[in-house]
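This is work-v2.pdb. It holds PDB, C-alpha atoms.
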ATOM      1  CA  MET A 133     -56.454  -5.867  18.350
ATOM      2  CA  THR A 134     -53.869  -7.232  20.837
ATOM      3  CA  GLU A 135     -52.690  -9.763  18.252
ATOM      4  CA  VAL A 136     -52.114  -6.984  15.711
ATOM      5  CA  ALA A 137     -50.110  -5.000  18.303
ATOM      6  CA  ILE A 138     -47.971  -8.087  19.079
ATOM      7  CA  VAL A 139     -47.308  -8.713  15.378
ATOM      8  CA  VAL A 140     -46.370  -5.034  14.854
ATOM      9  CA  ALA A 141     -44.062  -5.103  17.911
ATOM     10  CA  ILE A 142     -42.341  -8.296  16.708
ATOM     11  CA  GLY A 143     -41.966  -6.777  13.260
ATOM     12  CA  LEU A 144     -40.421  -3.625  14.727
ATOM     13  CA  LEU A 145     -38.007  -5.595  16.897
ATOM     14  CA  ALA A 146     -36.994  -7.741  13.916
ATOM     15  CA  ALA A 147     -36.374  -4.597  11.817
ATOM     16  CA  ILE A 148     -34.214  -3.054  14.567
ATOM     17  CA  ALA A 149     -32.235  -6.304  14.984
ATOM     18  CA  TRP A 150     -31.755  -6.562  11.204
ATOM     19  CA  GLY A 151     -30.554  -2.962  10.997
ATOM     20  CA  ARG A 152     -28.087  -3.445  13.873
ATOM     21  CA  LEU A 153     -26.749  -6.665  12.343
ATOM     22  CA  GLY A 154     -26.260  -4.908   9.019
ATOM     23  CA  ARG A 155     -24.496  -2.001  10.687
ATOM     24  CA  LEU A 156     -22.211  -4.397  12.558
ATOM     25  CA  ARG A 157     -21.378  -6.207   9.324
ATOM     26  CA  ARG A 158     -20.726  -2.995   7.436
ATOM     27  CA  GLY A 159     -18.794  -1.452  10.287
ATOM     28  CA  SER A 160     -16.370  -4.405  10.742
ATOM     29  CA  GLY A 161     -13.797  -2.448  12.735
ATOM     30  CA  GLU A 162     -14.573   0.923  11.175
ATOM     31  CA  SER A 163     -17.497   1.977  13.322
ATOM     32  CA  TRP A 164     -15.567   5.182  14.125
ATOM     33  CA  ARG A 165     -16.008   6.493  10.572
ATOM     34  CA  PRO A 166     -17.766   9.867  10.465
ATOM     35  CA  LEU A 167     -21.026  10.184   8.586
ATOM     36  CA  ALA A 168     -19.300  12.028   5.724
ATOM     37  CA  LEU A 169     -17.019   9.028   5.098
ATOM     38  CA  ARG A 170     -19.561   6.276   5.748
ATOM     39  CA  HIS A 171     -19.672   5.200   2.094
ATOM     40  CA  ALA A 172     -16.174   6.283   1.103
ATOM     41  CA  GLU A 173     -13.638   3.750  -0.145
ATOM     42  CA  LEU A 174     -10.224   3.345   1.396
ATOM     43  CA  ALA A 175      -7.777   4.750  -1.166
ATOM     44  CA  PHE A 176      -4.411   4.776   0.662
ATOM     45  CA  SER A 177      -3.079   3.401   3.910
ATOM     46  CA  GLU A 178       0.381   4.042   5.407
ATOM     47  CA  GLN A 179       1.938   5.392   2.222
ATOM     48  CA  THR A 180       4.635   7.994   1.720
ATOM     49  CA  PHE A 181       4.215  10.853  -0.751
ATOM     50  CA  ARG A 182       6.761  13.444  -1.824
ATOM     51  CA  SER A 183       6.095  16.914  -3.132
ATOM     52  CA  HIS A 184       9.071  17.653  -5.373
ATOM     53  CA  ARG A 185       7.682  21.096  -6.071
ATOM     54  CA  TYR A 186       7.667  22.254  -2.448
ATOM     55  CA  GLY A 187      10.280  19.899  -0.947
ATOM     56  CA  LEU A 188       7.870  18.201   1.432
ATOM     57  CA  VAL A 189       7.495  14.557   2.341
ATOM     58  CA  ALA A 190       4.628  12.970   4.272
ATOM     59  CA  ARG A 191       3.516   9.544   5.330
ATOM     60  CA  LEU A 192      -0.232   9.417   5.581
ATOM     61  CA  ASP A 193      -2.192   7.079   7.798
ATOM     62  CA  ARG A 194      -5.283   6.794   5.639
ATOM     63  CA  ALA A 195      -7.012   8.553   2.781
ATOM     64  CA  TYR A 196     -10.591   7.846   1.725
ATOM     65  CA  ARG A 197     -12.100   8.580  -1.663
ATOM     66  CA  GLN A 198     -15.656   9.816  -2.030
ATOM     67  CA  ASP A 199     -17.278  11.743  -4.865
ATOM     68  CA  GLY A 200     -13.901  12.216  -6.544
ATOM     69  CA  THR A 201     -12.328  13.859  -3.502
ATOM     70  CA  LEU A 202      -9.797  12.370  -1.105
ATOM     71  CA  THR A 203     -10.153  12.921   2.637
ATOM     72  CA  LEU A 204      -7.293  12.391   5.074
ATOM     73  CA  VAL A 205      -7.492  10.600   8.417
ATOM     74  CA  GLU A 206      -4.652  10.765  10.949
ATOM     75  CA  TYR A 207      -4.443   8.212  13.734
ATOM     76  CA  LYS A 208      -3.180   9.166  17.229
ATOM     77  CA  THR A 209      -2.995   7.438  20.605
ATOM     78  CA  ARG A 210      -3.560   9.921  23.428
ATOM     79  CA  ARG A 211      -4.853  10.354  26.947
ATOM     80  CA  PHE A 212      -7.254  13.083  25.828
ATOM     81  CA  PHE A 213      -9.579  13.371  22.862
ATOM     82  CA  VAL A 214      -8.084  16.515  21.422
ATOM     83  CA  VAL A 215      -6.699  17.839  18.116
ATOM     84  CA  TYR A 216      -3.412  19.744  18.418
ATOM     85  CA  ARG A 217      -2.009  22.295  16.008
ATOM     86  CA  SER A 218       0.749  19.802  15.220
ATOM     87  CA  ASP A 219      -1.912  17.387  13.864
ATOM     88  CA  VAL A 220      -3.282  20.106  11.617
ATOM     89  CA  ILE A 221       0.207  20.909  10.275
ATOM     90  CA  GLU A 222       0.981  17.228   9.680
ATOM     91  CA  LEU A 223      -2.260  16.681   7.798
ATOM     92  CA  SER A 224      -1.774  19.877   5.784
ATOM     93  CA  VAL A 225       1.631  18.684   4.555
ATOM     94  CA  GLN A 226       0.096  15.304   3.692
ATOM     95  CA  ARG A 227      -2.583  17.126   1.696
ATOM     96  CA  ILE A 228      -0.045  19.066  -0.368
ATOM     97  CA  ALA A 229       2.120  16.007  -1.091
ATOM     98  CA  LEU A 230      -0.841  13.747  -1.904
ATOM     99  CA  SER A 231      -2.550  16.203  -4.246
ATOM    100  CA  GLU A 232       0.715  16.773  -6.127
ATOM    101  CA  VAL A 233       1.419  13.056  -6.605
ATOM    102  CA  ILE A 234      -2.117  11.812  -7.295
ATOM    103  CA  GLY A 235      -3.484  14.903  -9.008
ATOM    104  CA  GLU A 236      -6.913  14.481  -7.447
ATOM    105  CA  PRO A 237      -8.491  17.108  -5.196
ATOM    106  CA  VAL A 238      -7.848  16.518  -1.495
ATOM    107  CA  SER A 239     -10.412  17.950   0.899
ATOM    108  CA  ILE A 240      -9.471  20.849   3.194
ATOM    109  CA  ASP A 241     -11.493  19.054   5.876
ATOM    110  CA  ALA A 242      -9.758  16.122   7.529
ATOM    111  CA  TYR A 243     -10.180  13.915  10.595
ATOM    112  CA  VAL A 244      -8.016  12.940  13.530
ATOM    113  CA  LEU A 245      -8.903   9.543  14.950
ATOM    114  CA  VAL A 246      -7.831   9.545  18.589
ATOM    115  CA  GLN A 247      -7.543   6.216  20.375
ATOM    116  CA  HIS A 248      -7.438   6.525  24.150
ATOM    117  CA  ALA A 249      -4.070   5.333  25.467
ATOM    118  CA  THR A 250      -5.543   3.276  28.310
ATOM    119  CA  THR A 251      -9.155   2.444  27.475
ATOM    120  CA  GLY A 252      -8.652   1.931  23.723
ATOM    121  CA  LYS A 253     -11.842   3.891  23.027
ATOM    122  CA  ARG A 254     -11.825   5.710  19.696
ATOM    123  CA  ARG A 255     -13.219   9.080  18.767
ATOM    124  CA  VAL A 256     -12.959  10.842  15.442
ATOM    125  CA  LEU A 257     -12.481  14.616  15.517
ATOM    126  CA  PRO A 258     -12.966  16.857  12.474
ATOM    127  CA  THR A 259     -10.500  19.589  11.652
ATOM    128  CA  GLN A 260      -9.768  22.104   8.913
ATOM    129  CA  LEU A 261      -6.349  22.154   7.281
ATOM    130  CA  LEU A 262      -3.949  24.965   6.483
ATOM    131  CA  GLY A 263      -3.531  26.332   2.989
ATOM    132  CA  LEU A 264      -0.384  26.063   0.901
ATOM    133  CA  ASP A 265       0.876  29.556   1.855
ATOM    134  CA  GLU A 266       0.632  28.812   5.574
ATOM    135  CA  VAL A 267       2.534  25.538   5.206
ATOM    136  CA  LEU A 268       5.265  27.217   3.153
ATOM    137  CA  ALA A 269       5.504  29.984   5.768
ATOM    138  CA  LEU A 270       6.038  27.296   8.422
ATOM    139  CA  LYS A 271       8.740  25.709   6.298
ATOM    140  CA  ARG A 272      10.508  29.061   6.043
ATOM    141  CA  ARG A 273      10.098  29.587   9.791
ATOM    142  CA  ARG A 274      11.737  26.213  10.439
ATOM    143  CA  GLN A 275      14.635  27.222   8.224
ATOM    144  CA  VAL A 276      15.061  30.443  10.244
ATOM    145  CA  ILE A 277      15.142  28.415  13.491
ATOM    146  CA  MET A 278      17.660  25.935  12.079
ATOM    147  CA  GLU A 279      19.921  28.784  10.998
ATOM    148  CA  ARG A 280      19.677  30.303  14.532
ATOM    149  CA  ARG A 281      18.195  33.496  13.152
ATOM    150  CA  ALA A 282      14.924  33.351  15.095
ATOM    151  CA  VAL A 283      14.531  36.330  17.426
ATOM    152  CA  ARG A 284      11.779  34.842  19.564
ATOM    153  CA  LEU A 285      11.015  31.146  19.927
ATOM    154  CA  MET A 286       7.426  30.223  20.696
ATOM    155  CA  PRO A 287       7.044  27.869  23.689
ATOM    156  CA  ALA A 288       4.444  25.118  24.063
ATOM    157  CA  ARG A 289       0.923  26.522  24.416
ATOM    158  CA  SER A 290       0.671  25.485  28.069
ATOM    159  CA  THR A 291       3.265  24.548  30.688
ATOM    160  CA  GLY A 292       1.388  21.278  31.209
ATOM    161  CA  LEU A 293       2.581  20.152  27.780
ATOM    162  CA  CYS A 294       6.204  20.547  28.923
ATOM    163  CA  VAL A 295       5.896  17.685  31.410
ATOM    164  CA  GLY A 296       8.169  14.928  30.145
ATOM    165  CA  CYS A 297      10.125  17.218  27.791
ATOM    166  CA  ALA A 298      13.852  16.440  27.842
ATOM    167  CA  HIS A 299      14.722  20.147  27.592
ATOM    168  CA  LEU A 300      12.505  21.386  30.432
ATOM    169  CA  CYS A 301      15.352  22.381  32.822
ATOM    170  CA  ARG A 302      17.383  23.944  30.035
ATOM    171  CA  CYS A 303      14.329  25.848  28.812
ATOM    172  CA  GLN A 304      13.596  27.160  32.318
ATOM    173  CA  ASP A 305      17.248  28.243  32.729
ATOM    174  CA  GLU A 306      17.263  30.089  29.446
ATOM    175  CA  PHE A 307      13.765  31.601  29.289
ATOM    176  CA  GLY A 308      12.570  31.428  32.922
ATOM    177  CA  ASP A 309       8.886  30.932  32.088
ATOM    178  CA  ARG A 310       8.469  27.175  32.567
ATOM    179  CA  GLU A 311       7.712  25.239  35.745
ATOM    180  CA  VAL A 312      10.252  22.569  36.638
TER     181      VAL A 312
ATOM    182  CA  MET B 284      24.709  26.286   9.917
ATOM    183  CA  LYS B 285      22.360  24.966   7.241
ATOM    184  CA  ARG B 286      21.650  21.273   7.447
ATOM    185  CA  LYS B 287      21.150  19.228   4.304
ATOM    186  CA  ARG B 288      18.766  16.284   4.428
ATOM    187  CA  GLY B 289      18.426  14.353   1.196
ATOM    188  CA  ARG B 290      17.199  16.864  -1.390
ATOM    189  CA  ASP B 291      16.225  19.318   1.363
ATOM    190  CA  TYR B 292      12.881  17.626   1.908
ATOM    191  CA  VAL B 293      11.114  18.511   5.115
ATOM    192  CA  SER B 294       8.882  15.843   6.584
ATOM    193  CA  ALA B 295       5.352  16.423   7.838
ATOM    194  CA  SER B 296       6.335  15.394  11.373
ATOM    195  CA  GLU B 297       9.321  17.779  11.400
ATOM    196  CA  LEU B 298       7.069  20.688  10.498
ATOM    197  CA  ALA B 299       4.378  19.493  12.903
ATOM    198  CA  ARG B 300       6.819  19.798  15.803
ATOM    199  CA  LEU B 301       6.883  23.555  15.193
ATOM    200  CA  GLY B 302       3.203  23.631  16.044
ATOM    201  CA  PHE B 303       3.971  21.991  19.386
ATOM    202  CA  CYS B 304       7.015  23.965  20.619
ATOM    203  CA  GLU B 305       9.585  25.946  18.644
ATOM    204  CA  ARG B 306      12.025  25.902  21.567
ATOM    205  CA  GLN B 307      12.058  22.097  21.543
ATOM    206  CA  VAL B 308      12.880  22.144  17.811
ATOM    207  CA  ALA B 309      15.745  24.596  18.419
ATOM    208  CA  PHE B 310      17.122  22.617  21.399
ATOM    209  CA  ASP B 311      16.920  19.335  19.478
ATOM    210  CA  ASP B 312      18.760  20.910  16.566
ATOM    211  CA  LEU B 313      21.414  22.339  18.869
ATOM    212  CA  LEU B 314      21.920  19.355  21.182
ATOM    213  CA  GLY B 315      20.628  16.424  19.189
ATOM    214  CA  LEU B 316      17.257  14.726  19.515
ATOM    215  CA  THR B 317      16.719  13.817  23.171
ATOM    216  CA  VAL B 318      13.878  11.531  24.181
ATOM    217  CA  THR B 319      12.747  10.970  27.764
ATOM    218  CA  ARG B 320      11.394   7.661  29.037
ATOM    219  CA  SER B 321       7.798   8.847  29.028
ATOM    220  CA  GLN B 322       8.190  10.177  25.466
ATOM    221  CA  GLN B 323       9.689   6.861  24.361
ATOM    222  CA  GLU B 324       6.817   4.949  25.983
ATOM    223  CA  ALA B 325       4.285   7.164  24.224
ATOM    224  CA  ARG B 326       6.156   6.688  20.946
ATOM    225  CA  ASP B 327       6.173   2.873  21.339
ATOM    226  CA  ARG B 328       2.473   2.932  22.162
ATOM    227  CA  GLY B 329       1.857   5.020  19.055
ATOM    228  CA  ASP B 330       3.909   2.650  16.862
ATOM    229  CA  CYS B 331       1.950  -0.370  18.139
ATOM    230  CA  GLY B 332      -1.336   1.440  17.554
ATOM    231  CA  HIS B 333      -0.262   2.461  14.055
ATOM    232  CA  ALA B 334       0.701  -1.108  13.142
ATOM    233  CA  ALA B 335      -2.705  -2.369  14.313
ATOM    234  CA  PHE B 336      -4.468   0.468  12.485
ATOM    235  CA  HIS B 337      -2.619  -0.347   9.271
ATOM    236  CA  GLU B 338      -3.429  -4.070   9.567
ATOM    237  CA  GLU B 339      -7.063  -3.114  10.024
ATOM    238  CA  GLY B 340      -6.831  -1.045   6.819
ATOM    239  CA  VAL B 341      -5.317  -3.960   4.911
ATOM    240  CA  ARG B 342      -8.122  -6.251   6.152
ATOM    241  CA  ILE B 343     -10.741  -3.765   4.998
ATOM    242  CA  ALA B 344      -9.091  -3.441   1.578
ATOM    243  CA  GLN B 345      -8.903  -7.242   1.232
ATOM    244  CA  ALA B 346     -12.544  -7.645   2.263
ATOM    245  CA  SER B 347     -13.519  -5.066  -0.336
ATOM    246  CA  VAL B 348     -11.588  -6.969  -3.024
ATOM    247  CA  LYS B 349     -13.273 -10.213  -1.922
ATOM    248  CA  LYS B 350     -16.612  -8.484  -2.300
ATOM    249  CA  GLY B 351     -15.535  -7.877  -5.883
ATOM    250  CA  ARG B 352     -15.077  -4.110  -5.877
ATOM    251  CA  CYS B 353     -12.146  -3.977  -8.240
ATOM    252  CA  PHE B 354     -13.006  -5.054 -11.708
ATOM    253  CA  ILE B 355     -12.689  -4.901 -15.445
ATOM    254  CA  ALA B 356     -10.905  -1.528 -15.719
ATOM    255  CA  THR B 357      -8.344  -2.539 -13.093
ATOM    256  CA  LEU B 358      -7.891  -5.923 -14.776
ATOM    257  CA  VAL B 359      -7.273  -4.618 -18.275
ATOM    258  CA  LEU B 360      -5.754  -1.175 -17.573
ATOM    259  CA  GLY B 361      -4.154  -1.674 -14.170
ATOM    260  CA  ASP B 362      -4.338   0.925 -11.392
ATOM    261  CA  CYS B 363      -3.488   3.929 -13.574
ATOM    262  CA  ASP B 364      -4.853   7.422 -14.279
ATOM    263  CA  ASP B 365      -7.506   6.014 -16.638
ATOM    264  CA  THR B 366      -8.840   3.643 -13.973
ATOM    265  CA  ARG B 367      -8.873   6.442 -11.428
ATOM    266  CA  ALA B 368     -10.753   8.682 -13.879
ATOM    267  CA  LEU B 369     -13.420   5.993 -14.355
ATOM    268  CA  ARG B 370     -13.685   5.539 -10.593
ATOM    269  CA  THR B 371     -14.085   9.271 -10.051
ATOM    270  CA  PHE B 372     -16.661   9.417 -12.855
ATOM    271  CA  ARG B 373     -18.606   6.669 -11.072
ATOM    272  CA  ASP B 374     -18.576   8.663  -7.794
ATOM    273  CA  LEU B 375     -19.305  12.068  -9.313
ATOM    274  CA  PHE B 376     -21.879  11.170 -11.947
ATOM    275  CA  LEU B 377     -23.261   7.645 -11.740
ATOM    276  CA  ARG B 378     -23.762   7.365  -7.991
ATOM    277  CA  ARG B 379     -25.751  10.596  -7.924
ATOM    278  CA  SER B 380     -28.776   9.368  -9.830
ATOM    279  CA  PHE B 381     -31.098   6.401  -9.483
ATOM    280  CA  VAL B 382     -30.370   5.126 -13.008
ATOM    281  CA  GLY B 383     -26.638   5.588 -12.431
ATOM    282  CA  ARG B 384     -26.766   3.619  -9.187
ATOM    283  CA  ARG B 385     -28.615   0.792 -10.986
ATOM    284  CA  ILE B 386     -25.859   0.745 -13.633
ATOM    285  CA  VAL B 387     -23.154   0.613 -10.921
ATOM    286  CA  PHE B 388     -25.066  -2.153  -9.154
ATOM    287  CA  ALA B 389     -25.388  -4.188 -12.358
ATOM    288  CA  TYR B 390     -21.706  -3.622 -13.127
ATOM    289  CA  TYR B 391     -20.680  -4.878  -9.682
ATOM    290  CA  ARG B 392     -22.948  -7.852 -10.077
ATOM    291  CA  TRP B 393     -21.746  -9.058 -13.468
ATOM    292  CA  SER B 394     -18.188  -7.855 -13.779
ATOM    293  CA  PRO B 395     -16.522 -10.429 -11.440
ATOM    294  CA  MET B 396     -17.887 -13.132 -13.746
ATOM    295  CA  LEU B 397     -16.663 -11.264 -16.813
ATOM    296  CA  CYS B 398     -13.281 -10.730 -15.122
ATOM    297  CA  GLY B 399     -13.026 -14.486 -14.528
ATOM    298  CA  TRP B 400     -13.748 -15.110 -18.206
ATOM    299  CA  LEU B 401     -11.284 -12.420 -19.333
ATOM    300  CA  GLY B 402      -8.589 -13.746 -16.983
ATOM    301  CA  GLY B 403      -7.409 -16.447 -19.391
ATOM    302  CA  ARG B 404      -7.837 -14.367 -22.588
ATOM    303  CA  PRO B 405      -5.055 -11.767 -22.932
ATOM    304  CA  ARG B 406      -6.089 -10.867 -26.507
ATOM    305  CA  CYS B 407      -9.575  -9.980 -25.376
ATOM    306  CA  GLN B 408      -8.075  -7.962 -22.525
ATOM    307  CA  ARG B 409      -5.940  -5.964 -24.977
ATOM    308  CA  MET B 410      -8.944  -5.294 -27.214
ATOM    309  CA  LEU B 411     -11.035  -4.212 -24.260
ATOM    310  CA  ALA B 412      -8.202  -1.964 -23.017
ATOM    311  CA  ARG B 413      -8.112  -0.275 -26.430
ATOM    312  CA  ALA B 414     -11.857   0.305 -26.262
ATOM    313  CA  LEU B 415     -11.818   1.466 -22.650
ATOM    314  CA  ARG B 416      -9.060   4.065 -22.983
ATOM    315  CA  PRO B 417     -11.058   6.628 -25.016
ATOM    316  CA  VAL B 418     -13.995   6.125 -22.643
ATOM    317  CA  ALA B 419     -11.676   6.795 -19.701
ATOM    318  CA  ARG B 420     -10.300   9.931 -21.394
ATOM    319  CA  LEU B 421     -13.845  11.204 -21.919
ATOM    320  CA  ALA B 422     -14.643  10.426 -18.280
ATOM    321  CA  ALA B 423     -11.478  12.285 -17.188
ATOM    322  CA  MET B 424     -12.514  15.313 -19.255
ATOM    323  CA  LEU B 425     -15.991  15.366 -17.675
ATOM    324  CA  VAL B 426     -14.492  14.965 -14.199
ATOM    325  CA  ARG B 427     -12.076  17.855 -14.797
ATOM    326  CA  GLN B 428     -14.968  20.028 -15.939
ATOM    327  CA  ARG B 429     -16.978  19.156 -12.847
ATOM    328  CA  LEU B 430     -14.079  19.791 -10.470
ATOM    329  CA  ARG B 431     -12.815  23.013 -12.073
ATOM    330  CA  PRO B 432     -14.281  25.496  -9.542
ATOM    331  CA  GLN B 433     -12.552  23.623  -6.668
ATOM    332  CA  ASP B 434     -10.454  26.029  -4.543
ATOM    333  CA  ASP B 435      -7.042  25.098  -3.162
TER     334      ASP B 435
END
Rendering of file as structure tokens:
Amino acid sequence: MTEVAIVVAIGLLAAIAWGRLGRLRRGSGESWRPLALRHAELAFSEQTFRSHRYGLVARLDRAYRQDGTLTLVEYKTRRFFVVYRSDVIELSVQRIALSEVIGEPVSIDAYVLVQHATTGKRRVLPTQLLGLDEVLALKRRRQVIMERRAVRLMPARSTGLCVGCAHLCRCQDEFGDREV
Amino acid sequence: MKRKRGRDYVSASELARLGFCERQVAFDDLLGLTVTRSQQEARDRGDCGHAAFHEEGVRIAQASVKKGRCFIATLVLGDCDDTRALRTFRDLFLRRSFVGRRIVFAYYRWSPMLCGWLGGRPRCQRMLARALRPVARLAAMLVRQRLRPQDD
């Protein structure tokens, strides 16, 4: 009875070790990949795409292909594991440009891979992208700002984000709602 | 005053800055792009990270080629729409059934050898390309049918 238990235990340990070894081999630097992209193939890395139709240009970090759909991954180095609205906008523009050039469907779901600035630890965060109309509205909004026609300019979401901004003093002088 | 950049293309990062702070965009446009030391440090850190991330991607792509994941269609047709259609067909149809997966497995197993044989025979490659193109068109048609309900 004891011998059988020992054999079963050794067998279990061997199976676990084999599984881990396989995972390490498969992972080879991509252990951060989310479950949804585990078997996807790398389709594009650091490539620029232009949407002639909408006048947008984007350089994507990575795109993976699975089941005929491309999924975008944006890489960021940060002190916090967080997805900002700017990431979502960047990825949304990439989506529009990529789908126009390649002609394949690009998923509305994307990922931001955040690498911690000091520890180097990586975490992948899922996000949902903006539609075409929202991106075009942003483009028009930018045009309004550039032409100095904007009535109200939106500040950063929190004053903490203004730390290190070169325009902090000027912004406080003009709008009076920032902390210098 | 309206600024012209190339053919009026707006980059993803330019638009993304709107999501961070519109005032910063307006000030930068008015006074020129100003970068503080901490911003420059963060930017350098990001550039280094990106370079490493890209190298990692290249390594993965090379390892996948070494494993023999890029075969006959790529050899005879190149990386074109037809090859992409066949690849998508593989993902959408073949990989979803047991029999399909066996076919893909057998293809991956034997095609590197066939590619090696075809390598020195351009006439055979041309003949195979002629035969593969209609198959790829059929695959593209099936893929389009399958993906039709996809929303934007």
Tell me the residues of chain A close to chain B, meaning within 8 Å using only C-alpha atoms, as a ChimeraX atom specification.
-> /A:161,174,177-178,187-191,193,198-200,207-209,216-223,225-226,237,249,263-264,270-271,274,277-280,285-289,296-299,303
Output the residue selection produced by the PyMOL selection byres ((chain A and resi 229-234) around 6) on the file above, formatted as a ChimeraX atom specification.
-> /A:181-183,226-228,235-236,238
So what do you get for atom CA of Cys294 of chain A versus atom CA of Ala335 of chain B, distance-wise?
->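 Distance between the two atoms: 28.6 Å.
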Do you have the atom CA of Thr259 of chain A-atom CA of Val244 of chain A distance handy?
->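 Between these atoms lies a distance of 7.3 Å.
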To one decimal in Å, tell me the separation between atom CA of Leu397 of chain B and atom CA of Thr357 of chain B.
->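 These atoms are spaced 12.6 Å apart.
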For each of B:Ile355, B:Gly315, B:Arg416, B:Ser380, take the minimum atom-to-atom distance to Gly399 of chain B, counting all atoms listed in the file, then give the residue where this is smallest.
->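 The shortest atom-to-atom distance to Gly399 of chain B comes from B:Ile355.
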For each of A:Pro258, A:Gly308, A:Gly143, A:Gly252, take the minimum atom-to-atom distance to Pro166 of chain A, counting all atoms listed in the file, then give the residue where this is smallest.
->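 Smallest separation from Pro166 of chain A among the options: A:Pro258.
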Taking (-11.5, -5.1, -20.6) in the file's own coordinates, collect the residues within 6 Å, counting all atoms listed in the file, and hand them back as a PyMOL selection string.
-> chain B and resi 355+359+408+411-412
